[in-house]
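Below is data.txt, which holds compact mmCIF, C-alpha atoms.
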# COMPACT_ATOMS: atom_id res chain seq x y z
CA MET L 105 115.79 96.48 88.61
CA ASP L 106 116.80 98.09 91.91
CA ILE L 107 115.64 101.68 92.38
CA ALA L 108 115.76 103.90 95.46
CA MET L 109 112.37 105.62 95.82
CA VAL L 110 112.41 109.29 96.80
CA ALA L 111 110.01 110.65 99.44
CA HIS L 112 107.23 112.93 98.20
CA PRO L 113 104.52 114.92 100.01
CA SER L 114 101.81 112.51 98.93
CA VAL L 115 100.45 109.03 99.59
CA SER L 116 101.31 106.83 96.62
CA LEU L 117 99.40 103.91 95.14
CA LEU L 118 101.66 101.68 93.08
CA VAL L 119 99.55 99.29 91.02
CA ASP L 120 101.70 96.43 89.75
CA LEU L 121 100.63 95.42 86.24
CA SER L 122 103.57 93.12 85.61
CA GLU L 123 103.28 89.52 84.60
CA GLY L 124 105.10 86.94 86.70
CA GLU L 125 106.89 87.73 89.94
CA GLY L 126 106.12 91.46 89.96
CA LEU L 127 107.76 94.19 92.02
CA VAL L 128 109.05 93.99 95.58
CA TYR L 129 109.30 96.96 97.96
CA ASP L 130 111.76 96.94 100.83
CA THR L 131 111.72 99.43 103.71
CA HIS L 132 112.90 99.10 107.30
CA GLY L 133 113.62 95.40 106.64
CA ARG L 134 110.01 94.74 105.63
CA HIS L 135 109.07 93.40 102.20
CA GLU L 136 105.86 93.87 100.24
CA ARG L 137 105.16 92.40 96.82
CA GLY L 138 102.81 93.52 94.06
CA SER L 139 100.47 96.51 94.36
CA VAL L 140 101.10 98.65 97.44
CA VAL L 141 100.22 101.86 99.21
CA VAL L 142 103.21 103.96 100.25
CA GLY L 143 102.34 106.27 103.12
CA LEU L 144 103.98 109.59 103.88
CA LEU L 145 107.57 109.40 105.14
CA PRO L 146 108.42 105.83 104.03
CA GLY L 147 112.12 106.36 104.82
CA ASP L 148 114.79 104.37 102.99
CA LEU L 149 112.61 102.59 100.40
CA ARG L 150 113.68 100.54 97.40
CA ALA L 151 111.76 98.90 94.58
CA THR L 152 113.23 95.74 93.06
CA GLY L 153 112.18 93.24 90.44
CA ARG L 154 113.35 90.96 87.68
CA GLY L 155 112.87 91.55 83.98
CA VAL L 156 110.53 94.09 82.44
CA GLY L 157 107.66 95.26 84.59
CA GLU L 158 104.79 97.69 84.33
CA CYS L 159 103.52 99.81 87.17
CA LEU L 160 101.02 102.64 87.51
CA GLN L 161 101.84 105.14 90.24
CA ILE L 162 99.04 107.36 91.56
CA ARG L 163 100.04 110.17 93.89
CA LEU L 164 97.29 111.26 96.26
CA GLU L 165 97.58 114.48 98.20
CA PRO L 166 97.02 113.52 101.88
CA ILE L 167 93.61 115.23 101.91
CA ALA L 168 92.44 113.10 98.97
CA ALA L 169 94.09 110.00 100.44
CA ALA L 170 92.09 110.40 103.65
CA ALA L 171 88.92 110.01 101.60
CA VAL L 172 90.09 107.42 99.05
CA LEU L 173 91.91 105.13 101.48
CA GLY L 174 90.12 105.79 104.74
CA ALA L 175 92.98 104.43 106.82
CA SER L 176 95.57 106.75 105.27
CA THR L 177 96.39 108.30 108.64
CA GLU L 178 97.62 104.88 109.77
CA LEU L 179 99.89 104.50 106.74
CA SER L 180 102.52 107.13 107.52
CA GLY L 181 105.99 105.62 107.55
CA THR L 182 104.76 102.32 106.12
CA VAL L 183 104.33 100.37 102.91
CA VAL L 184 101.32 98.04 102.89
CA SER L 185 99.64 95.81 100.37
CA LEU L 186 96.85 97.51 98.42
CA GLU L 187 94.76 94.42 99.11
CA ASP L 188 95.06 95.08 102.85
CA VAL L 189 93.54 98.53 102.27
CA TRP L 190 90.98 97.85 99.52
CA GLY L 191 90.30 94.14 99.97
CA ARG L 192 88.96 92.39 96.86
CA ASP L 193 88.58 95.72 95.09
CA ALA L 194 92.38 95.80 94.72
CA GLY L 195 92.39 92.67 92.56
CA ARG L 196 89.48 93.93 90.47
CA ALA L 197 91.26 97.23 89.86
CA GLU L 198 94.43 95.42 88.79
CA GLU L 199 92.48 93.25 86.33
CA ARG L 200 90.77 96.25 84.71
CA LEU L 201 93.99 98.22 84.43
CA ARG L 202 95.97 95.26 83.09
CA ALA L 203 93.36 94.59 80.40
CA ALA L 204 93.32 98.22 79.15
CA ALA L 205 94.49 98.75 75.58
CA SER L 206 96.59 101.87 76.28
CA TRP L 207 98.04 103.98 79.07
CA ASP L 208 95.51 106.71 78.36
CA GLU L 209 92.76 104.17 78.96
CA ARG L 210 94.46 103.09 82.17
CA PHE L 211 94.55 106.68 83.41
CA THR L 212 90.84 107.01 82.65
CA ILE L 213 90.03 103.79 84.50
CA ALA L 214 92.15 104.85 87.48
CA ALA L 215 90.32 108.19 87.66
CA GLU L 216 86.95 106.38 87.59
CA ILE L 217 88.00 104.01 90.38
CA LEU L 218 89.19 106.83 92.61
CA ALA L 219 86.14 108.98 91.93
CA ARG L 220 83.88 106.12 92.93
CA ARG L 221 85.81 105.57 96.14
CA LEU L 222 85.67 109.26 96.99
CA GLY L 223 81.87 109.24 96.85
CA ASN L 224 80.43 111.10 99.81
CA ARG L 225 83.18 110.23 102.25
CA PRO L 226 83.84 112.98 104.79
CA VAL L 227 86.92 115.03 104.08
CA VAL L 228 89.27 116.54 106.61
CA ASP L 229 88.44 119.74 108.48
CA PRO L 230 88.62 122.84 106.26
CA GLU L 231 91.18 124.27 108.68
CA VAL L 232 93.39 121.20 108.26
CA ALA L 233 93.03 121.33 104.46
CA TYR L 234 93.93 125.03 104.50
CA THR L 235 96.97 124.36 106.67
CA TRP L 236 98.20 121.64 104.31
CA ARG L 237 97.79 123.82 101.24
CA ARG L 238 99.55 126.77 102.91
CA THR L 239 102.39 124.43 103.79
CA LEU L 240 102.66 123.43 100.12
CA THR L 241 102.47 126.94 98.68
CA SER L 242 105.02 128.25 101.19
CA ARG L 243 107.33 125.32 100.35
CA GLY L 244 107.40 124.35 104.01
CA ARG L 245 108.60 127.74 105.25
CA VAL L 246 105.59 128.90 107.26
CA ARG L 247 105.45 128.56 111.05
CA VAL L 248 102.78 126.46 112.77
CA ASP L 249 101.94 129.33 115.13
CA GLY L 250 101.24 131.56 112.15
CA LEU L 251 99.00 128.94 110.55
CA ALA L 252 97.07 128.51 113.79
CA ASP L 253 96.41 132.25 113.85
CA GLU L 254 95.27 132.19 110.21
CA VAL L 255 92.62 129.50 110.83
CA GLY L 256 91.63 130.77 114.28
CA TRP L 257 92.74 127.69 116.18
CA SER L 258 95.17 127.22 119.03
CA ARG L 259 98.56 125.72 118.24
CA LYS L 260 97.67 122.63 120.27
CA ARG L 261 94.40 122.08 118.40
CA ILE L 262 95.84 122.49 114.91
CA TRP L 263 98.70 120.14 115.83
CA SER L 264 96.29 117.49 117.16
CA ARG L 265 93.70 117.68 114.36
CA PHE L 266 96.31 117.79 111.59
CA ARG L 267 98.09 114.73 112.94
CA SER L 268 94.92 112.72 113.56
CA GLN L 269 93.51 113.43 110.09
CA LEU L 270 96.63 113.37 107.90
CA GLY L 271 98.90 111.10 109.93
CA ILE L 272 101.72 113.61 110.24
CA THR L 273 102.43 116.65 112.39
CA PRO L 274 102.39 120.13 110.79
CA LYS L 275 106.10 120.54 111.52
CA ARG L 276 106.99 117.20 109.94
CA ALA L 277 104.80 118.03 106.94
CA ALA L 278 106.69 121.30 106.49
CA ARG L 279 110.01 119.44 106.59
CA LEU L 280 108.78 116.98 103.95
CA VAL L 281 107.53 119.74 101.64
CA ARG L 282 110.79 121.66 102.06
CA PHE L 283 112.78 118.52 101.28
CA ASP L 284 110.68 117.90 98.16
CA HIS L 285 111.44 121.40 96.90
CA ALA L 286 115.15 120.81 97.54
CA ALA L 287 115.06 117.46 95.72
CA HIS L 288 113.54 119.15 92.66
CA LEU L 289 116.32 121.74 92.65
CA LEU L 290 119.02 119.08 93.07
CA ALA L 291 117.56 117.04 90.20
CA ALA L 292 117.49 120.16 88.03
CA GLY L 293 121.26 120.48 88.47
CA HIS L 294 121.56 123.15 91.16
CA ALA L 295 124.56 122.93 93.50
CA PRO L 296 123.81 121.68 97.05
CA ALA L 297 125.05 124.93 98.60
CA SER L 298 122.62 127.06 96.57
CA VAL L 299 119.81 124.55 97.12
CA ALA L 300 120.33 124.79 100.88
CA THR L 301 120.04 128.58 100.75
CA GLU L 302 117.03 128.69 98.44
CA SER L 303 115.16 125.97 100.35
CA GLY L 304 115.58 127.59 103.74
CA TYR L 305 118.15 125.29 105.34
CA VAL L 306 120.69 126.70 107.78
CA ASP L 307 123.60 125.49 105.67
CA GLN L 308 124.67 122.68 103.35
CA SER L 309 125.23 120.31 106.27
CA HIS L 310 121.64 120.86 107.37
CA LEU L 311 120.46 119.97 103.84
CA HIS L 312 122.63 116.86 103.85
CA ARG L 313 121.13 115.67 107.16
CA GLU L 314 117.55 116.24 105.99
CA VAL L 315 118.07 114.49 102.65
CA LYS L 316 119.69 111.57 104.45
CA ALA L 317 116.82 111.42 106.95
CA PHE L 318 114.14 111.30 104.25
CA THR L 319 115.82 109.04 101.71
CA GLY L 320 118.90 107.39 103.16
CA LEU L 321 120.80 109.01 100.27
CA THR L 322 123.19 111.92 99.91
CA PRO L 323 122.16 115.08 98.02
CA THR L 324 124.43 113.99 95.15
CA ALA L 325 122.69 110.61 94.91
CA VAL L 326 119.23 112.21 95.05
CA ALA L 327 120.20 114.56 92.21
CA ILE L 328 120.63 111.60 89.83
CA ALA L 329 118.01 109.28 91.29
CA PRO L 330 116.12 107.50 88.45
CA TRP L 331 112.93 107.68 90.52
CA LEU L 332 112.73 111.43 89.92
CA ALA L 333 112.41 110.73 86.20
CA ILE L 334 108.68 110.18 86.69
CA ASP L 335 108.32 113.85 87.59
CA ASP L 336 108.40 116.31 84.68
CA VAL L 337 109.44 119.18 86.93
CA ALA L 338 112.25 117.31 88.66
CA TRP L 339 113.52 115.59 85.53
CA PRO L 340 116.86 117.20 84.63
CA ALA L 341 117.14 118.67 81.14
CA SER L 342 120.28 116.57 80.63
CA SER L 343 118.40 113.33 81.25
CA PRO L 344 118.77 110.80 78.40
CA THR L 345 114.99 110.42 78.51
CA ARG L 346 114.44 114.00 77.35
CA SER L 347 114.60 115.24 73.81
CA PRO L 348 117.04 118.07 72.92
CA SER L 349 114.16 120.52 73.28
CA GLY L 350 113.61 119.39 76.86
CA ARG L 351 110.25 117.78 76.14
CA ARG L 352 109.58 114.47 77.85
CA ILE L 353 109.90 111.34 75.73
CA PRO L 354 107.46 108.45 76.42
CA SER L 355 109.08 106.02 78.85
CA ARG L 356 108.43 102.87 76.83
CA GLY L 357 112.19 102.55 76.45
CA HIS L 358 112.62 102.76 80.23
CA PRO L 359 110.54 99.90 81.64
CA ASP L 360 112.01 100.30 85.13
CA LEU L 361 110.14 103.60 85.61
CA PRO L 362 106.43 103.65 86.45
CA ARG L 363 103.84 105.67 84.59
CA SER L 364 102.50 108.32 86.96
CA ALA L 365 99.34 110.29 87.61
CA HIS L 366 98.76 112.93 90.29
CA ILE L 367 95.40 113.28 92.07
CA PRO L 368 94.98 116.57 93.96
CA ALA L 369 92.85 117.09 97.01
CA PRO L 370 89.07 117.21 96.46

What does the file become when written as structure tokens?
Amino acid sequence: MDIAMVAHPSVSLLVDLSEGEGLVYDTHGRHERGSVVVGLLPGDLRATGRGVGECLQIRLEPIAAAAVLGASTELSGTVVSLEDVWGRDAGRAEERLRAAASWDERFTIAAEILARRLGNRPVVDPEVAYTWRRTLTSRGRVRVDGLADEVGWSRKRIWSRFRSQLGITPKRAARLVRFDHAAHLLAAGHAPASVATESGYVDQSHLHREVKAFTGLTPTAVAIAPWLAIDDVAWPASSPTRSPSGRRIPSRGHPDLPRSAHIPAP
């Protein structure tokens, strides 16, 4: 297996449930094996492994990640071992998830683990949370100055607090969200030129540069990236892993793709 991972506006936990050698993640010349945390903006990232593997991916919105991981603001642009973040709890979580009788049971266990870690941890400032959610709902097409006015902060303060609490600047977050929207459109079969227009890029060349910056791939390569097959919205209707009606088929016949769950902000 050798899959290019596509950037997403979330912090991802990839819990390796494989037997044997497990999965290896390679980014910026650095290698991590087994269960990992993928911060925002990981860049050109690939997952490799031998044979059939099993992996549970949990996507955490940055606001939730700040509470669940604590050090999430230090994870942007990196891939680190889950053990480095959770200590011995990482191994215990792997054991429970590996012993589960079904994927539904694994999802339930994962939700319990995350809920326990959330506990009473402080969340980010309400103004920062609002700014993040407005960035998402606007698909990255709202100006920082306008957001500052909406929350009653100065541009300098919202920039500083957002970056210190989520590990990314508001402008960079907007670029990531806009890219994610474009990637969904590309995977759904839309032409790059129309995607550029609908996503708010200056032109197709601008889209090409942004896609290359976030993934190391061209728009054409992103459109057919197997990694997007874990996302029901981005999964093209022509994908061999969809039924003729367009409904998703269980991925048991596609062991290279992880099972995925999405955890929104608290």

His135 of chain L environment, 12 Å, all atoms listed in the file, sequence neighbours closer than 2 positions dropped, as a VMD selection string: chain L and resid 127 to 133 137 to 138 140 149 to 152 182 to 185

Per residue of segment 213-288 of chain L within 10 Å of segment 197-203 of chain L, record the nearest atom pair and its distance in Å to one decimal, counting only C-alpha atoms, with rows in chain order and ascending residue number, as CSV.
residue,atom,partner,partner_atom,distance
L:Ile213,CA,L:Leu201,CA,6.8
L:Ala214,CA,L:Leu201,CA,7.5
L:Ile217,CA,L:Ala197,CA,7.5

With segment 304-315 of chain L as the partner and 10 Å as the cut-off, tabulate the residues of segment 157-267 of chain L that qualify, each row holding the nearest pair of atoms and their distance in Å to one decimal, using all atoms listed in the file, sorted by chain and rising number, as a tab-separated table.
residue	atom	partner	partner_atom	distance
L:Arg243	CA	L:Gly304	CA	9.2
L:Gly244	CA	L:Gly304	CA	8.8
L:Arg245	CA	L:Gly304	CA	7.1

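With all atoms listed in the file as the atoms that count, the residue of L:Arg192, L:Leu173, L:Trp207, L:Ile167 with the shortest distance to Ala233 of chain L is L:Ile167.
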
One-decimal distance in Å that lies between atom CA of Tyr234 of chain L and atom CA of Lys260 of chain L: 16.4 Å

How big is the axis-aligned box, and where does its centre sit, when it encloses all atoms of segment 134-148 of chain L listed in the file and has 3 Å added on every side, reported in Å to one decimal as JSON?
{"center_x": 107.5, "center_y": 101.0, "center_z": 99.8, "size_x": 20.6, "size_y": 23.2, "size_z": 17.6}

Computed interatomic separation between atom CA of Ala278 of chain L and atom CA of Leu164 of chain L (Å):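 Those two atoms sit 17.1 Å apart.
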
Neighbours of point (104.2, 124.4, 99.3) within 12 Å, using all atoms listed in the file, written as a ChimeraX atom specification: /L:112-113,165,234-246,277-286,303

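Atom to atom, atom CA of Ala111 of chain L and atom CA of Pro146 of chain L stand 6.8 Å apart.
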
Within 8 Å of segment 115-125 of chain L using all atoms listed in the file, minus same-chain residues under 6 positions, as a list of chain:residue names: L:Gly138, L:Ser139, L:Val140, L:Val141, L:Val142, L:Gly143, L:Leu144, L:Gly153, L:Arg154, L:Val156, L:Gly157, L:Glu158, L:Cys159, L:Leu160, L:Gln161, L:Ile162, L:Arg163, L:Leu164, L:Glu165, L:Pro166, L:Ala169, L:Ser176, L:Leu186, L:Glu198, L:Leu201, L:Arg202

Residue nearest Thr273 of chain L - candidates L:Val227, L:Ala287, L:Ala297, L:Val232, atoms counted: all atoms listed in the file: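 For Thr273 of chain L, the nearest of the candidates is L:Val232.
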
Selected residue of minimal separation from Ala171 of chain L among L:Thr212, L:Ser206, L:Ser114, L:Gln269, counting only C-alpha atoms: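 Of L:Thr212, L:Ser206, L:Ser114, L:Gln269, the one nearest Ala171 of chain L is L:Gln269, counting only C-alpha atoms.
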
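Minimum distance to Ile262 of chain L across L:Arg221, L:Trp190, L:Pro230, L:His288 (counting only C-alpha atoms) occurs at L:Pro230.
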
Nearest to Glu178 of chain L by atom-to-atom distance, counting only C-alpha atoms, from L:Gly271, L:Pro296, L:Pro330, L:Pro323: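 Selected residue with least distance to Glu178 of chain L: L:Gly271.
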